[in-house]
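Peer 1: Dropping a structure here in structure tokens format, bear with me for questions.
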Amino acid sequence: MIEQILPAEAVAEESFAVPSQQPAPAPLGTFPGEPSGLFPEEAAHVARAVPKRQQEFAAVRACARRALGRLGLPPVPLVPNRRGAPQWPDGVVGSMTHCDGFQAAVVARADALASVGIDAEPNGPLPGGVLRVIALPSERTAVQRLAAERPGVHWDRLLFSAKESVFKTWYPLTGQELDFEEAELEIDPQARTFSARLLVPGPVVGGVRLGGFTGRWAAGDGFVLTAIALPAPARGARPADGPQISESAASRA
């Protein structure tokens with residue numbers, strides 16, 4: 001499902017496993033050659049977590065290792081950094097996401113994509129009060145209009161998911177936080193795309209300072225999914241004199 005909104009350069013794997021309150025499916029601290037196993041470094045990270053969290057952590061890393069295998073790379077520990085972002089092998093960019101009943105990971109060669117961000121959420125309303133925290137006034141107005149016109153999608157949840165994908169794309173390029181109100185999103189319900197205009201100076205990629213990102217979204221099987229895939233600069237491309245502002249960094253289908 002997630003591959004439908006990603007370009008050919010990206011390799012994605014997903015799972016619809018439903019975590020339970022039972023112990024994790026493989027002993028923590030081992031990597032027995034099966035997808036559900038964890039490297040010791042990973043196991044230590046979730047050693048004190050509840051079984052549900054351990055299972056989600058293992059399931060999404062199983063997806064990531066399958067995706068890395070499709071790139072011809074061996075399984076490696078994927079330990080989160082201080083911000084919770086997975087640390088990928090050299091020369092690889094990637095992103096992970098999980099919610100109840102869905103886990104996915106996407107990877108790509110760094111010479112194909114400069115960064116990638118994905119997010120999955122249940123297709124249900126955000127908890128009360130959350131929209132006001134994560135959305136700008138213009139975004140709240142748009143969400144209300146879309147909810148009235150197209151009630152099959154919970155647009156507040158889709159907006160939240162898209163902002164998560166923006167952050168996951170932004171963070172590897174900058175190493176800095178990006179608050180919800182520092183990017184203004186516009187969702188196209190017909191094209192199933194979205195654009196994010198950065199309200200703070202954007203990252204410089206290939207000598208160009210980006211003004212925003214664009215991505216794609218999908219809804220189905222009880223989930224909303226969003227993805228941004230930022231193309232890597234073309235080899236041999238010469239940046240223009242001085243930093244340039246691009247309208248967006250489009251993801252390719």
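Quick note on naming: the chains in the structure tokens go A, B, ... in the order shown, residues restart at 1 in each chain, and ligands are numbered from 1 in order of appearance.
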Which residues of stretch 85-191 of chain A come within 6 Å of stretch 42-64 of chain A, and for each one, what is the closest pair of atoms and their distance in Å to one decimal, counting only C-alpha atoms, sorted by chain and residue number, as a tab-separated table?
Peer 2:
```
residue	atom	partner	partner_atom	distance
A:Gln103	CA	A:Val60	CA	5.3
A:Ala104	CA	A:Val60	CA	5.9
A:Ala105	CA	A:Ala64	CA	5.0
```
Peer 1: Keeping only N, CA and C atoms, take the residues you just selected and write them out as a PDB file, in the first residue's frame.
Peer 2:
```pdb
ATOM      1  N   GLN A 103       2.709  -1.487   9.971  1.00  0.00           N
ATOM      2  CA  GLN A 103       4.098  -1.073  10.091  1.00  0.00           C
ATOM      3  C   GLN A 103       4.689  -1.002   8.689  1.00  0.00           C
ATOM      4  N   ALA A 104       5.557  -0.029   8.465  1.00  0.00           N
ATOM      5  CA  ALA A 104       6.187   0.101   7.151  1.00  0.00           C
ATOM      6  C   ALA A 104       7.535   0.775   7.282  1.00  0.00           C
ATOM      7  N   ALA A 105       8.415   0.448   6.345  1.00  0.00           N
ATOM      8  CA  ALA A 105       9.728   1.081   6.252  1.00  0.00           C
ATOM      9  C   ALA A 105      10.053   1.276   4.779  1.00  0.00           C
TER      10      ALA A 105
END
```
Peer 1: Among stretch 46-153 of chain A, which residues carry a DSSP assignment of helix (DSSP H, G or I), reported as a VMD selection string?
Peer 2: chain A and resid 51 to 70 130 to 134 137 to 149
Peer 1: Using only C-alpha atoms, which protein or nucleic acid residues come within 10 Å of stretch 192-196 of chain A? Drop anything in the same chain fewer than 2 positions from it, and give the result as a VMD selection string.
Peer 2: chain A and resid 5 159 162 to 163 166 182 to 190 198 to 199 211 to 219 226 to 228 247 to 251
Peer 1: Using only C-alpha atoms, which of the listed residues (A:Ala120, A:Met1, A:Ala112, A:Leu158) sits closest to A:His98?
Peer 2: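 Of A:Ala120, A:Met1, A:Ala112, A:Leu158, the one nearest A:His98 is A:Ala120, counting only C-alpha atoms.
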Peer 1: For a quick check of understanding, using only C-alpha atoms, which of A:Phe16, A:Phe223, A:Phe167, A:Phe102 has the smallest distance to A:Val153?
Peer 2: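 For A:Val153, the nearest of the candidates is A:Phe223.
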Peer 1: If you run DSSP over the backbone, which residues in stretch 70-153 of chain A end up strand (DSSP E)? Put them as a ChimeraX atom specification.
Peer 2: /A:92-99,102-109,113-122
